[in-house]
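Colleague: Sharing input_20.cif (mmCIF, C-alpha atoms) below.
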```
data_model
loop_
_atom_site.label_atom_id
_atom_site.label_comp_id
_atom_site.auth_asym_id
_atom_site.auth_seq_id
_atom_site.Cartn_x
_atom_site.Cartn_y
_atom_site.Cartn_z
CA MET M 1 40.31 135.55 -74.78
CA GLU M 2 41.13 131.86 -74.43
CA LYS M 3 39.38 130.17 -71.53
CA GLN M 4 41.73 128.94 -68.80
CA PRO M 5 41.57 125.17 -68.21
CA LYS M 6 40.47 124.17 -64.74
CA VAL M 7 43.24 121.58 -64.43
CA SER M 8 46.44 120.84 -66.32
CA ILE M 9 47.15 117.11 -66.17
CA ILE M 10 50.87 116.37 -66.67
CA ILE M 11 51.77 112.83 -67.72
CA PRO M 12 55.44 111.90 -68.17
CA VAL M 13 55.83 108.73 -70.25
CA TYR M 14 58.74 106.37 -70.65
CA ASN M 15 58.20 102.86 -72.03
CA THR M 16 54.83 102.13 -70.42
CA LYS M 17 53.00 100.90 -73.52
CA LYS M 18 51.44 98.02 -71.59
CA TYR M 19 49.62 100.38 -69.20
CA LEU M 20 49.37 103.62 -71.15
CA SER M 21 45.95 103.20 -72.77
CA LYS M 22 44.30 102.46 -69.42
CA CYS M 23 45.96 105.52 -67.94
CA LEU M 24 44.89 107.80 -70.78
CA GLU M 25 41.34 106.41 -70.83
CA SER M 26 40.99 107.31 -67.15
CA VAL M 27 42.23 110.83 -67.87
CA VAL M 28 40.23 111.68 -71.01
CA ASN M 29 37.05 110.36 -69.40
CA GLN M 30 37.26 112.44 -66.24
CA THR M 31 33.91 113.91 -65.20
CA LEU M 32 35.59 117.31 -64.80
CA ASP M 33 35.30 119.41 -67.94
CA ASP M 34 37.77 122.04 -69.20
CA THR M 35 41.00 120.17 -68.62
CA GLU M 36 44.22 120.18 -70.61
CA ILE M 37 46.34 117.05 -70.83
CA ILE M 38 50.08 117.45 -71.37
CA ILE M 39 51.88 114.24 -72.32
CA VAL M 40 55.66 114.48 -72.17
CA ASP M 41 57.27 111.46 -73.81
CA ASP M 42 60.78 110.92 -72.47
CA LYS M 43 62.18 109.24 -75.61
CA SER M 44 60.19 106.00 -75.28
CA THR M 45 61.37 103.07 -77.40
CA ASP M 46 58.54 100.56 -76.87
CA GLY M 47 55.79 102.02 -79.06
CA SER M 48 54.29 104.28 -76.40
CA VAL M 49 54.56 107.21 -78.81
CA ASP M 50 52.17 105.56 -81.27
CA ILE M 51 49.51 105.39 -78.55
CA GLU M 52 50.15 109.00 -77.55
CA ILE M 53 49.82 110.20 -81.16
CA GLU M 54 46.53 108.30 -81.54
CA TYR M 55 45.06 109.94 -78.42
CA ALA M 56 46.37 113.39 -79.37
CA LYS M 57 44.55 113.09 -82.71
CA ARG M 58 41.29 112.05 -81.03
CA TYR M 59 41.28 114.59 -78.20
CA PRO M 60 41.96 118.29 -78.93
CA ASN M 61 42.76 119.01 -75.26
CA ILE M 62 45.84 116.76 -75.44
CA SER M 63 49.25 118.33 -76.12
CA LEU M 64 52.04 115.89 -76.95
CA ILE M 65 55.66 116.83 -76.34
CA CYS M 66 58.29 114.31 -77.47
CA LEU M 67 61.76 114.84 -76.05
CA ALA M 68 64.78 114.38 -78.32
CA LYS M 69 66.65 112.38 -75.68
CA ASN M 70 65.82 110.63 -72.43
CA GLY M 71 66.16 113.07 -69.54
CA GLY M 72 64.29 111.46 -66.67
CA VAL M 73 60.91 111.95 -65.04
CA ALA M 74 61.88 115.18 -63.24
CA LEU M 75 62.78 116.89 -66.51
CA ALA M 76 59.60 115.61 -68.16
CA ARG M 77 57.43 116.95 -65.33
CA ASN M 78 59.26 120.29 -65.37
CA ILE M 79 58.62 120.66 -69.09
CA GLY M 80 54.97 119.88 -68.41
CA LEU M 81 54.92 122.61 -65.75
CA GLN M 82 56.44 125.11 -68.19
CA ASN M 83 53.59 124.46 -70.63
CA ALA M 84 50.72 124.24 -68.14
CA LYS M 85 47.98 126.89 -68.30
CA GLY M 86 45.39 125.44 -65.93
CA LYS M 87 44.28 126.94 -62.63
CA TYR M 88 45.37 123.71 -60.94
CA ILE M 89 48.07 121.15 -61.64
CA SER M 90 47.75 117.36 -61.47
CA PHE M 91 50.51 114.81 -62.03
CA VAL M 92 49.72 111.31 -63.28
CA ASP M 93 52.25 108.53 -63.81
CA SER M 94 51.65 106.73 -67.08
CA ASP M 95 51.35 103.25 -65.55
CA ASP M 96 48.70 104.42 -63.04
CA TYR M 97 45.07 105.43 -63.52
CA LEU M 98 42.44 107.65 -61.89
CA ASP M 99 38.95 107.07 -60.62
CA LEU M 100 36.82 108.90 -63.16
CA ASP M 101 35.49 111.46 -60.68
CA MET M 102 38.80 112.12 -58.93
CA LEU M 103 39.72 115.46 -60.47
CA GLU M 104 36.20 116.84 -60.28
CA LYS M 105 35.95 116.06 -56.58
CA MET M 106 39.39 117.51 -55.89
CA TYR M 107 38.70 120.64 -57.93
CA ILE M 108 35.38 121.29 -56.18
CA ALA M 109 36.97 120.65 -52.77
CA CYS M 110 39.74 123.19 -53.43
CA GLU M 111 37.28 125.78 -54.69
CA GLU M 112 34.80 125.32 -51.84
CA THR M 113 37.40 125.32 -49.07
CA GLN M 114 39.84 127.76 -50.72
CA SER M 115 42.64 125.26 -50.25
CA PRO M 116 45.73 125.49 -52.50
CA VAL M 117 46.32 121.73 -52.20
CA ALA M 118 44.01 118.71 -52.22
CA ARG M 119 44.85 115.08 -51.63
CA VAL M 120 43.02 111.78 -52.11
CA ASN M 121 43.78 108.27 -50.96
CA ARG M 122 46.27 106.34 -53.04
CA LYS M 123 45.04 102.82 -53.72
CA LEU M 124 47.68 100.20 -54.53
CA VAL M 125 46.79 97.90 -57.41
CA THR M 126 48.58 95.29 -59.50
CA GLU M 127 47.59 92.77 -62.14
CA GLY M 128 45.68 89.82 -60.80
CA ILE M 129 46.59 90.52 -57.17
CA ASP M 130 44.49 92.45 -54.68
CA VAL M 131 46.95 94.57 -52.72
CA SER M 132 44.55 97.28 -51.56
CA PHE M 133 45.20 96.18 -47.96
CA LEU M 134 48.69 97.67 -48.34
CA SER M 135 47.28 101.10 -49.18
CA ARG M 136 47.77 104.00 -46.79
CA VAL M 137 44.11 104.97 -46.42
CA LYS M 138 42.72 107.97 -44.56
CA GLN M 139 39.16 107.33 -43.38
CA MET M 140 36.86 110.31 -43.96
CA LYS M 141 33.14 111.02 -43.96
CA GLY M 142 33.51 114.32 -45.79
CA TYR M 143 36.08 116.98 -46.62
CA GLU M 144 38.77 117.28 -43.98
CA VAL M 145 40.64 120.57 -43.99
CA ILE M 146 44.09 120.03 -42.49
CA ILE M 147 46.38 122.73 -41.07
CA PRO M 148 49.91 121.32 -41.46
CA GLU M 149 51.39 122.87 -38.31
CA GLU M 150 48.42 121.68 -36.22
CA SER M 151 48.43 118.11 -37.53
CA ASP M 152 50.66 115.18 -38.42
CA LEU M 153 50.13 115.72 -42.16
CA LEU M 154 53.81 115.51 -43.11
CA VAL M 155 54.23 112.29 -41.14
CA GLU M 156 51.11 110.55 -42.43
CA GLU M 157 50.89 111.73 -46.04
CA THR M 158 52.79 110.04 -48.86
CA PRO M 159 55.47 112.41 -50.21
CA GLY M 160 54.51 111.57 -53.79
CA CYS M 161 52.99 114.21 -56.07
CA THR M 162 50.49 112.10 -57.98
CA ASN M 163 47.56 111.84 -55.55
CA LYS M 164 47.38 115.60 -55.16
CA LEU M 165 46.00 118.69 -56.86
CA PHE M 166 48.03 121.91 -56.65
CA LEU M 167 46.91 125.50 -57.25
CA ARG M 168 49.28 126.56 -60.03
CA GLU M 169 49.77 130.05 -58.61
CA PHE M 170 50.75 128.53 -55.23
CA VAL M 171 53.43 126.27 -56.73
CA LYS M 172 54.68 128.79 -59.29
CA GLY M 173 58.45 128.63 -59.63
CA LYS M 174 58.75 125.26 -57.90
CA THR M 175 60.41 122.51 -59.94
CA PHE M 176 61.50 118.91 -59.56
CA PRO M 177 65.24 118.48 -58.93
CA GLU M 178 66.71 116.80 -61.98
CA ASN M 179 69.26 113.96 -61.83
CA LEU M 180 68.15 112.95 -58.33
CA LYS M 181 66.28 109.78 -57.45
CA TRP M 182 63.09 110.20 -55.35
CA GLU M 183 62.60 113.56 -57.06
CA ASP M 184 58.94 114.06 -56.11
CA TYR M 185 59.80 113.96 -52.39
CA PRO M 186 61.62 117.36 -52.35
CA TYR M 187 58.95 118.82 -54.64
CA THR M 188 55.88 117.75 -52.69
CA VAL M 189 56.92 117.99 -49.04
CA PRO M 190 57.85 121.72 -49.10
CA ILE M 191 54.49 122.48 -50.71
CA LEU M 192 52.63 120.57 -48.01
CA ALA M 193 54.75 122.11 -45.24
CA THR M 194 54.15 125.70 -46.38
CA SER M 195 50.52 125.38 -47.46
CA PRO M 196 48.10 127.24 -45.17
CA GLN M 197 45.80 124.24 -45.45
CA VAL M 198 45.30 121.00 -47.37
CA VAL M 199 41.88 119.50 -48.08
CA SER M 200 41.54 115.74 -47.91
CA VAL M 201 38.90 114.41 -50.31
CA PRO M 202 36.96 111.17 -49.66
CA ASP M 203 35.26 108.60 -51.89
CA THR M 204 37.67 108.66 -54.82
CA ASN M 205 41.15 107.29 -55.45
CA TYR M 206 44.39 107.64 -57.31
CA ASN M 207 45.19 104.08 -58.40
CA TYR M 208 48.91 103.45 -57.99
CA ASN M 209 49.99 100.49 -60.06
CA ILE M 210 52.72 98.32 -58.59
CA ASN M 211 54.37 97.69 -61.93
CA LEU M 212 56.19 94.38 -61.48
CA GLY M 213 58.61 95.40 -64.21
CA GLY M 214 59.00 99.01 -63.13
CA THR M 215 61.55 100.93 -61.09
CA THR M 216 59.59 100.82 -57.83
CA VAL M 217 59.67 97.03 -57.72
CA SER M 218 63.17 96.65 -59.16
CA ASP M 219 64.46 98.91 -56.38
CA PHE M 220 63.77 96.07 -53.96
CA THR M 221 66.14 93.64 -55.66
CA THR M 222 68.56 95.62 -57.81
CA PHE M 223 71.24 97.49 -55.91
CA ASN M 224 70.88 101.24 -56.32
CA SER M 225 74.11 103.17 -55.93
CA LYS M 226 72.29 106.51 -55.59
CA ILE M 227 71.60 106.02 -51.88
CA LEU M 228 72.99 109.45 -51.02
CA ASP M 229 70.34 111.14 -53.18
CA ILE M 230 67.79 110.71 -50.38
CA PHE M 231 69.94 112.79 -48.02
CA GLU M 232 70.35 115.48 -50.67
CA CYS M 233 66.58 115.48 -51.22
CA SER M 234 65.99 116.01 -47.50
CA ASP M 235 68.58 118.79 -47.41
CA LEU M 236 66.73 120.53 -50.27
CA ILE M 237 63.49 120.32 -48.27
CA GLY M 238 65.14 121.88 -45.23
CA GLU M 239 66.56 124.70 -47.34
CA ALA M 240 63.15 125.35 -48.92
CA VAL M 241 61.11 125.29 -45.72
CA ILE M 242 63.01 125.96 -42.51
CA THR M 243 63.49 129.53 -41.34
CA GLU M 244 63.51 131.19 -37.92
CA ARG M 245 59.72 131.50 -38.18
CA THR M 246 59.02 127.86 -39.04
CA PRO M 247 56.81 126.30 -36.33
CA ASP M 248 58.52 123.66 -34.17
CA THR M 249 55.84 121.13 -35.12
CA ILE M 250 56.83 121.46 -38.79
CA LYS M 251 60.56 121.18 -37.98
CA GLU M 252 59.98 118.05 -35.89
CA GLN M 253 57.89 116.43 -38.61
CA LEU M 254 60.47 117.26 -41.29
CA GLU M 255 63.27 115.72 -39.21
CA TYR M 256 61.21 112.57 -38.77
CA VAL M 257 60.32 112.43 -42.47
CA ALA M 258 63.99 112.86 -43.42
CA MET M 259 64.99 110.11 -41.00
CA ILE M 260 62.29 107.65 -42.09
CA ASN M 261 63.04 108.18 -45.79
CA ALA M 262 66.72 107.50 -45.14
CA MET M 263 65.78 104.39 -43.16
CA GLN M 264 63.87 103.13 -46.19
CA ARG M 265 67.19 102.98 -48.01
CA LEU M 266 68.30 100.46 -45.37
CA ARG M 267 65.30 98.40 -46.46
CA ASP M 268 66.42 98.72 -50.08
CA ILE M 269 69.92 97.49 -49.22
CA LEU M 270 68.46 94.64 -47.17
CA TYR M 271 66.40 93.35 -50.11
CA SER M 272 69.05 93.98 -52.77
CA ASN M 273 70.90 91.14 -54.45
CA ILE M 274 74.38 91.94 -53.09
CA PRO M 275 76.61 89.83 -50.83
CA LYS M 276 75.82 89.73 -47.12
CA LYS M 277 79.21 91.23 -46.23
CA ASP M 278 78.54 94.25 -48.45
CA LYS M 279 75.04 94.66 -46.99
CA LYS M 280 76.43 94.77 -43.47
CA GLU M 281 79.15 97.28 -44.27
CA LEU M 282 76.91 99.60 -46.28
CA MET M 283 73.95 99.44 -43.87
CA THR M 284 76.31 100.22 -40.98
CA LEU M 285 77.68 103.29 -42.76
CA VAL M 286 74.21 104.54 -43.79
CA THR M 287 72.97 104.09 -40.21
CA ALA M 288 75.93 106.11 -38.94
CA LEU M 289 75.04 108.91 -41.36
CA ILE M 290 71.37 108.82 -40.35
CA THR M 291 72.37 109.08 -36.68
CA LYS M 292 74.85 111.87 -37.39
CA LYS M 293 72.26 113.95 -39.27
CA TYR M 294 68.99 113.16 -37.51
CA GLY M 295 69.82 111.29 -34.31
CA SER M 296 68.97 107.69 -33.49
CA TRP M 297 65.50 106.52 -34.44
CA HIS M 298 65.31 104.91 -31.00
CA ASP M 299 65.32 108.44 -29.51
CA ASN M 300 62.85 110.03 -31.93
CA ASP M 301 59.53 110.82 -30.22
CA ILE M 302 57.44 110.57 -33.39
CA TYR M 303 59.03 107.26 -34.36
CA ASN M 304 58.53 105.81 -30.88
CA SER M 305 54.89 106.91 -30.69
CA SER M 306 53.91 105.67 -34.17
CA LYS M 307 52.06 102.40 -34.60
CA LYS M 308 54.10 99.76 -36.39
CA LYS M 309 52.61 96.71 -38.03
CA LEU M 310 54.16 93.29 -37.45
CA PRO M 311 55.88 93.07 -40.89
CA TYR M 312 57.59 96.40 -40.25
CA ARG M 313 58.73 95.36 -36.78
CA LEU M 314 60.16 92.11 -38.14
CA ARG M 315 61.94 93.93 -40.95
CA MET M 316 63.51 96.39 -38.51
CA LYS M 317 64.79 93.50 -36.39
CA LEU M 318 66.41 92.05 -39.50
CA ILE M 319 67.88 95.42 -40.45
CA GLU M 320 69.32 95.88 -36.97
CA TYR M 321 70.85 92.41 -37.19
CA PHE M 322 72.89 93.58 -40.18
CA ILE M 323 74.04 96.83 -38.54
CA GLU M 324 77.38 96.43 -36.80
CA PRO M 325 78.83 98.62 -34.01
CA TYR M 326 80.54 101.66 -35.51
CA ASP M 327 82.30 104.54 -33.80
CA ALA M 328 81.41 107.61 -35.82
CA SER M 329 82.52 110.12 -33.18
CA MET M 330 85.49 111.23 -35.31
CA GLU M 331 83.50 111.20 -38.54
CA THR M 332 81.79 114.12 -40.26
CA GLU M 333 78.74 113.96 -42.50
CA GLU M 334 81.02 114.46 -45.48
CA SER M 335 83.45 111.72 -44.50
CA LEU M 336 80.57 109.27 -44.02
CA LYS M 337 79.07 110.27 -47.36
CA GLN M 338 82.40 109.68 -49.07
CA LYS M 339 82.70 106.21 -47.53
CA ILE M 340 79.14 105.36 -48.61
CA LYS M 341 79.86 106.65 -52.11
CA ASN M 342 83.09 104.65 -52.37
CA LYS M 343 81.47 101.46 -51.08
CA SER M 344 78.47 101.89 -53.39
CA GLU M 345 80.71 102.34 -56.41
CA ILE M 346 82.65 99.17 -55.55
CA ILE M 347 79.44 97.18 -55.13
CA LYS M 348 78.04 98.50 -58.41
CA LYS M 349 81.29 97.74 -60.25
CA ASN M 350 81.32 94.17 -58.91
CA ALA M 351 77.65 93.73 -59.86
CA ASP M 352 78.31 94.90 -63.42
#
```
Take the structure in the file and give it back as structure tokens.

Modeller:
Amino acid sequence: MEKQPKVSIIIPVYNTKKYLSKCLESVVNQTLDDTEIIIVDDKSTDGSVDIEIEYAKRYPNISLICLAKNGGVALARNIGLQNAKGKYISFVDSDDYLDLDMLEKMYIACEETQSPVARVNRKLVTEGIDVSFLSRVKQMKGYEVIIPEESDLLVEETPGCTNKLFLREFVKGKTFPENLKWEDYPYTVPILATSPQVVSVPDTNYNYNINLGGTTVSDFTTFNSKILDIFECSDLIGEAVITERTPDTIKEQLEYVAMINAMQRLRDILYSNIPKKDKKELMTLVTALITKKYGSWHDNDIYNSSKKKLPYRLRMKLIEYFIEPYDASMETEESLKQKIKNKSEIIKKNAD
């Protein structure tokens, strides 16, 4: 009988040749033994496949799946999930890298505490620039076992999937929504919200590379017409988690998380390279939709009680400068969404 791997490491790849070797070196040299590595190449065109083939030849625990056409990161991760056999699942983005003891420490923590999910700090890195001060770091002296409904886990934890380890049996049947931007948000948050406990692991990091040529950075300057995806993602989370038996603390955190993720799209519009007039109109409409769905952030208890650093406070003042008075009393969510969609399409057409 074939021995089950301890961890299946799923790595979607699309045109990250510049960073890929460093990523794969950090994965194949993990101190944890008995892992399987599933690389899903999403029709790369930059030579990434050559690197993947080289590593697959050198390491028998690497499986390489090359897709016939580009389908997006959600599809690539879902294909990885379909092929995973490990007791636990780990996701790694191909322009990031792991501390070499990360998976071992997370695996041991899950086993010792019987937790279906583990998380580590995500350290922000970029070439030649020390940006670790921007990292969202949880200070710990040892394992910290967190009960979601008795904590602020959903508020404080990044909704990304890559700094976490998931018990495969616990996440069985869960997939990433395809054709939506911010796809890991509706995958990860329901898992955290329904997990009986999450173990936080100290003294090791997931190194998140701020790729200056990647989508995360380009989102700050290039207008993204898929603004409404974030609202659909939050709706999917609500459908997956909220029932009559869901604790109020979880519901309150989910509403805050939905609101704050939508507010981040205001930030994206603010920094995008579109005319000021378009920024004002679109930010006003998005704010009206946020208020219609989640209420005003000025009235949200979690938002008002959270500590806000000076750069954030200054950015919010600038955002509020762009937002104009708007009477949405006769509007519905659907009518606001249609106006946002129409305006986004016009902006995108003009930009093209």

Colleague: Could you list, as a short mmCIF file (atom, residue, chain, number, x, y, z; two decimals) with C-alpha atoms, keeping the file's coordinate frame, every residue within 12 Å of Asp99 in chain M, counting all atoms listed in the file and ignoring same-chain residues fewer than 4 positions away?

Modeller:
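See around-v1.cif below for the written result:
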```
data_model
loop_
_atom_site.label_atom_id
_atom_site.label_comp_id
_atom_site.auth_asym_id
_atom_site.auth_seq_id
_atom_site.Cartn_x
_atom_site.Cartn_y
_atom_site.Cartn_z
CA LYS M 22 44.30 102.46 -69.42
CA CYS M 23 45.96 105.52 -67.94
CA LEU M 24 44.89 107.80 -70.78
CA GLU M 25 41.34 106.41 -70.83
CA SER M 26 40.99 107.31 -67.15
CA VAL M 27 42.23 110.83 -67.87
CA VAL M 28 40.23 111.68 -71.01
CA ASN M 29 37.05 110.36 -69.40
CA GLN M 30 37.26 112.44 -66.24
CA THR M 31 33.91 113.91 -65.20
CA LEU M 32 35.59 117.31 -64.80
CA VAL M 92 49.72 111.31 -63.28
CA LEU M 103 39.72 115.46 -60.47
CA GLU M 104 36.20 116.84 -60.28
CA LYS M 105 35.95 116.06 -56.58
CA MET M 106 39.39 117.51 -55.89
CA VAL M 120 43.02 111.78 -52.11
CA ASN M 121 43.78 108.27 -50.96
CA ARG M 122 46.27 106.34 -53.04
CA LYS M 123 45.04 102.82 -53.72
CA ASN M 163 47.56 111.84 -55.55
CA PRO M 202 36.96 111.17 -49.66
CA ASP M 203 35.26 108.60 -51.89
CA THR M 204 37.67 108.66 -54.82
CA ASN M 205 41.15 107.29 -55.45
CA TYR M 206 44.39 107.64 -57.31
CA ASN M 207 45.19 104.08 -58.40
CA TYR M 208 48.91 103.45 -57.99
#
```

Colleague: Expand the PyMOL selection byres ((chain M and resi 190) around 10) into the individual residues it matches in the shown file, reporting them as a ChimeraX atom specification.

Modeller: /M:154,159,171,174,185-189,191-195,236-242,254

Colleague: Tell me, in Å to one decimal, how far CA of Thr126 in chain M is from CA of Asn211 in chain M.

Modeller: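 Distance reported for this atom pair: 6.7 Å.
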
Colleague: Do a neighbour search on Asp34 in chain M at 12 Å with only C-alpha atoms, toss out local chain neighbours closer than 2 positions, and write the hits as a list in words.

Modeller: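 Non-adjacent residues within range: Glu2, Lys3, Gln4, Pro5, Lys6, Val7, Ser8, Ile9, Val28, Asn29, Gln30, Thr31, Leu32, Glu36, Ile37, Pro60, Asn61, Ile62, Lys85, Gly86, Lys87, Tyr88, Leu103, Glu104 and Tyr107 of chain M.
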
Colleague: Between CA of Gln114 in chain M and CA of Val199 in chain M, measure the distance and give it in Å to one decimal.

Modeller: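 It comes out at 8.9 Å.
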
Colleague: Which residues, written as number ranges by chain, have at least one atom at most 10 Å from Ile53 in chain M, with all atoms listed in the file counted and residues fewer than 3 positions away on the same chain left out?

Modeller: M: 39, 48-50, 56-58, 62-64

Colleague: The selected residues should be written to file as a PDB file, keeping the file's coordinate frame (atoms: C-alpha atoms).

Modeller:
```pdb
ATOM      1  CA  ILE M  39      51.880 114.240 -72.320  1.00  0.00           C
ATOM      2  CA  SER M  48      54.290 104.280 -76.400  1.00  0.00           C
ATOM      3  CA  VAL M  49      54.560 107.210 -78.810  1.00  0.00           C
ATOM      4  CA  ASP M  50      52.170 105.560 -81.270  1.00  0.00           C
ATOM      5  CA  ALA M  56      46.370 113.390 -79.370  1.00  0.00           C
ATOM      6  CA  LYS M  57      44.550 113.090 -82.710  1.00  0.00           C
ATOM      7  CA  ARG M  58      41.290 112.050 -81.030  1.00  0.00           C
ATOM      8  CA  ILE M  62      45.840 116.760 -75.440  1.00  0.00           C
ATOM      9  CA  SER M  63      49.250 118.330 -76.120  1.00  0.00           C
ATOM     10  CA  LEU M  64      52.040 115.890 -76.950  1.00  0.00           C
TER      11      LEU M  64
END
```

Colleague: Please evaluate the PyMOL selection byres ((chain M and resi 257-263) around 7) against the structure above and give the resulting residues as a short mmCIF file (atom, residue, chain, number, x, y, z; two decimals) with C-alpha atoms, keeping the file's coordinate frame.

Modeller:
```cif
data_model
loop_
_atom_site.label_atom_id
_atom_site.label_comp_id
_atom_site.auth_asym_id
_atom_site.auth_seq_id
_atom_site.Cartn_x
_atom_site.Cartn_y
_atom_site.Cartn_z
CA VAL M 155 54.23 112.29 -41.14
CA ILE M 230 67.79 110.71 -50.38
CA PHE M 231 69.94 112.79 -48.02
CA SER M 234 65.99 116.01 -47.50
CA GLN M 253 57.89 116.43 -38.61
CA LEU M 254 60.47 117.26 -41.29
CA GLU M 255 63.27 115.72 -39.21
CA TYR M 256 61.21 112.57 -38.77
CA GLN M 264 63.87 103.13 -46.19
CA ARG M 265 67.19 102.98 -48.01
CA LEU M 266 68.30 100.46 -45.37
CA ARG M 267 65.30 98.40 -46.46
CA ILE M 290 71.37 108.82 -40.35
CA TYR M 294 68.99 113.16 -37.51
#
```

Colleague: Please identify all polymer residues within 10 Å of range 68-81 of chain M, counting only C-alpha atoms, omitting same-chain residues fewer than 3 positions from it, and present them as a ChimeraX atom specification.

Modeller: /M:8-14,37-44,63-65,84-86,89-93,168,171-184,187

Colleague: Which is closer to Thr291 in chain M than all the others in M:Ser329, M:Asn350, M:Gln82, M:Ser94, using all atoms listed in the file?

Modeller: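 For Thr291 in chain M, the nearest of the given residues is M:Ser329.
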
Colleague: Go through M:Ile302, M:Leu282, M:Ile347, M:Leu20 and flag the residue nearest Ile319 in chain M, using all atoms listed in the file for the distances.

Modeller: M:Leu282

Colleague: Expressed in Å to a single decimal, how great is the separation between CA of Lys348 in chain M and CA of Asn209 in chain M?

Modeller: 28.2 Å

Colleague: Any idea what's packed within 10 Å of Leu270 in chain M, counting only C-alpha atoms, ignoring anything in its chain fewer than 2 positions away? Could you give it as a ChimeraX atom specification?

Modeller: /M:220-221,223,264-268,272-274,276,279-280,282-283,315,318-319,322

Colleague: May I ask which of the residues M:Leu98, M:Ile340, M:Cys66, M:Met330 is the closest one to Leu124 in chain M, counting only C-alpha atoms?

Modeller: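 Once distances to Leu124 in chain M are computed over only C-alpha atoms, the minimum belongs to M:Leu98.
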
Colleague: How big is the axis-aligned box around all listed atoms of range 244-255 of chain M once 4 Å goes on each side, and where's its centre, in Å to one decimal, as JSON?

Modeller:
```
{"center_x": 59.7, "center_y": 123.6, "center_z": -37.7, "size_x": 15.7, "size_y": 23.8, "size_z": 15.1}
```

Colleague: As a check of understanding, name the residues that the PyMOL selection byres ((chain M and resi 150) around 10) selects in the supplied structure, as a PyMOL selection string.

Modeller: chain M and resi 146-149+151-153+197+247+249-250

Colleague: Would you mind putting back N, CA, C and O atoms on range 247-259 of chain M, then writing it out as a PDB file, keeping the file's coordinate frame?

Modeller:
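Output saved as rebuild15.pdb:
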```
ATOM      1  N   PRO M 247      57.304 126.884 -37.585  1.00  0.00           N
ATOM      2  CA  PRO M 247      56.810 126.300 -36.330  1.00  0.00           C
ATOM      3  C   PRO M 247      57.597 125.042 -35.950  1.00  0.00           C
ATOM      4  O   PRO M 247      58.014 124.273 -36.817  1.00  0.00           O
ATOM      5  N   ASP M 248      57.783 124.836 -34.653  1.00  0.00           N
ATOM      6  CA  ASP M 248      58.520 123.660 -34.170  1.00  0.00           C
ATOM      7  C   ASP M 248      57.868 122.363 -34.631  1.00  0.00           C
ATOM      8  O   ASP M 248      58.560 121.376 -34.902  1.00  0.00           O
ATOM      9  N   THR M 249      56.526 122.362 -34.705  1.00  0.00           N
ATOM     10  CA  THR M 249      55.840 121.130 -35.120  1.00  0.00           C
ATOM     11  C   THR M 249      56.216 120.732 -36.545  1.00  0.00           C
ATOM     12  O   THR M 249      56.343 119.546 -36.853  1.00  0.00           O
ATOM     13  N   ILE M 250      56.415 121.734 -37.413  1.00  0.00           N
ATOM     14  CA  ILE M 250      56.830 121.460 -38.790  1.00  0.00           C
ATOM     15  C   ILE M 250      58.277 120.959 -38.802  1.00  0.00           C
ATOM     16  O   ILE M 250      58.607 119.979 -39.486  1.00  0.00           O
ATOM     17  N   LYS M 251      59.152 121.609 -38.036  1.00  0.00           N
ATOM     18  CA  LYS M 251      60.560 121.180 -37.980  1.00  0.00           C
ATOM     19  C   LYS M 251      60.675 119.744 -37.492  1.00  0.00           C
ATOM     20  O   LYS M 251      61.441 118.944 -38.041  1.00  0.00           O
ATOM     21  N   GLU M 252      59.918 119.403 -36.447  1.00  0.00           N
ATOM     22  CA  GLU M 252      59.980 118.050 -35.890  1.00  0.00           C
ATOM     23  C   GLU M 252      59.484 117.012 -36.891  1.00  0.00           C
ATOM     24  O   GLU M 252      60.072 115.935 -37.037  1.00  0.00           O
ATOM     25  N   GLN M 253      58.404 117.361 -37.605  1.00  0.00           N
ATOM     26  CA  GLN M 253      57.890 116.430 -38.610  1.00  0.00           C
ATOM     27  C   GLN M 253      58.875 116.254 -39.761  1.00  0.00           C
ATOM     28  O   GLN M 253      59.085 115.138 -40.246  1.00  0.00           O
ATOM     29  N   LEU M 254      59.510 117.350 -40.186  1.00  0.00           N
ATOM     30  CA  LEU M 254      60.470 117.260 -41.290  1.00  0.00           C
ATOM     31  C   LEU M 254      61.677 116.413 -40.906  1.00  0.00           C
ATOM     32  O   LEU M 254      62.195 115.648 -41.730  1.00  0.00           O
ATOM     33  N   GLU M 255      62.139 116.537 -39.658  1.00  0.00           N
ATOM     34  CA  GLU M 255      63.270 115.720 -39.210  1.00  0.00           C
ATOM     35  C   GLU M 255      62.893 114.241 -39.212  1.00  0.00           C
ATOM     36  O   GLU M 255      63.677 113.384 -39.646  1.00  0.00           O
ATOM     37  N   TYR M 256      61.679 113.955 -38.758  1.00  0.00           N
ATOM     38  CA  TYR M 256      61.210 112.570 -38.770  1.00  0.00           C
ATOM     39  C   TYR M 256      61.098 112.051 -40.202  1.00  0.00           C
ATOM     40  O   TYR M 256      61.534 110.932 -40.500  1.00  0.00           O
ATOM     41  N   VAL M 257      60.511 112.853 -41.081  1.00  0.00           N
ATOM     42  CA  VAL M 257      60.320 112.430 -42.470  1.00  0.00           C
ATOM     43  C   VAL M 257      61.679 112.185 -43.138  1.00  0.00           C
ATOM     44  O   VAL M 257      61.846 111.216 -43.880  1.00  0.00           O
ATOM     45  N   ALA M 258      62.657 113.053 -42.871  1.00  0.00           N
ATOM     46  CA  ALA M 258      63.990 112.860 -43.420  1.00  0.00           C
ATOM     47  C   ALA M 258      64.597 111.555 -42.902  1.00  0.00           C
ATOM     48  O   ALA M 258      65.182 110.775 -43.662  1.00  0.00           O
ATOM     49  N   MET M 259      64.439 111.315 -41.613  1.00  0.00           N
ATOM     50  CA  MET M 259      64.990 110.110 -41.000  1.00  0.00           C
ATOM     51  C   MET M 259      64.331 108.851 -41.560  1.00  0.00           C
ATOM     52  O   MET M 259      65.016 107.893 -41.944  1.00  0.00           O
TER      53      MET M 259
END
```
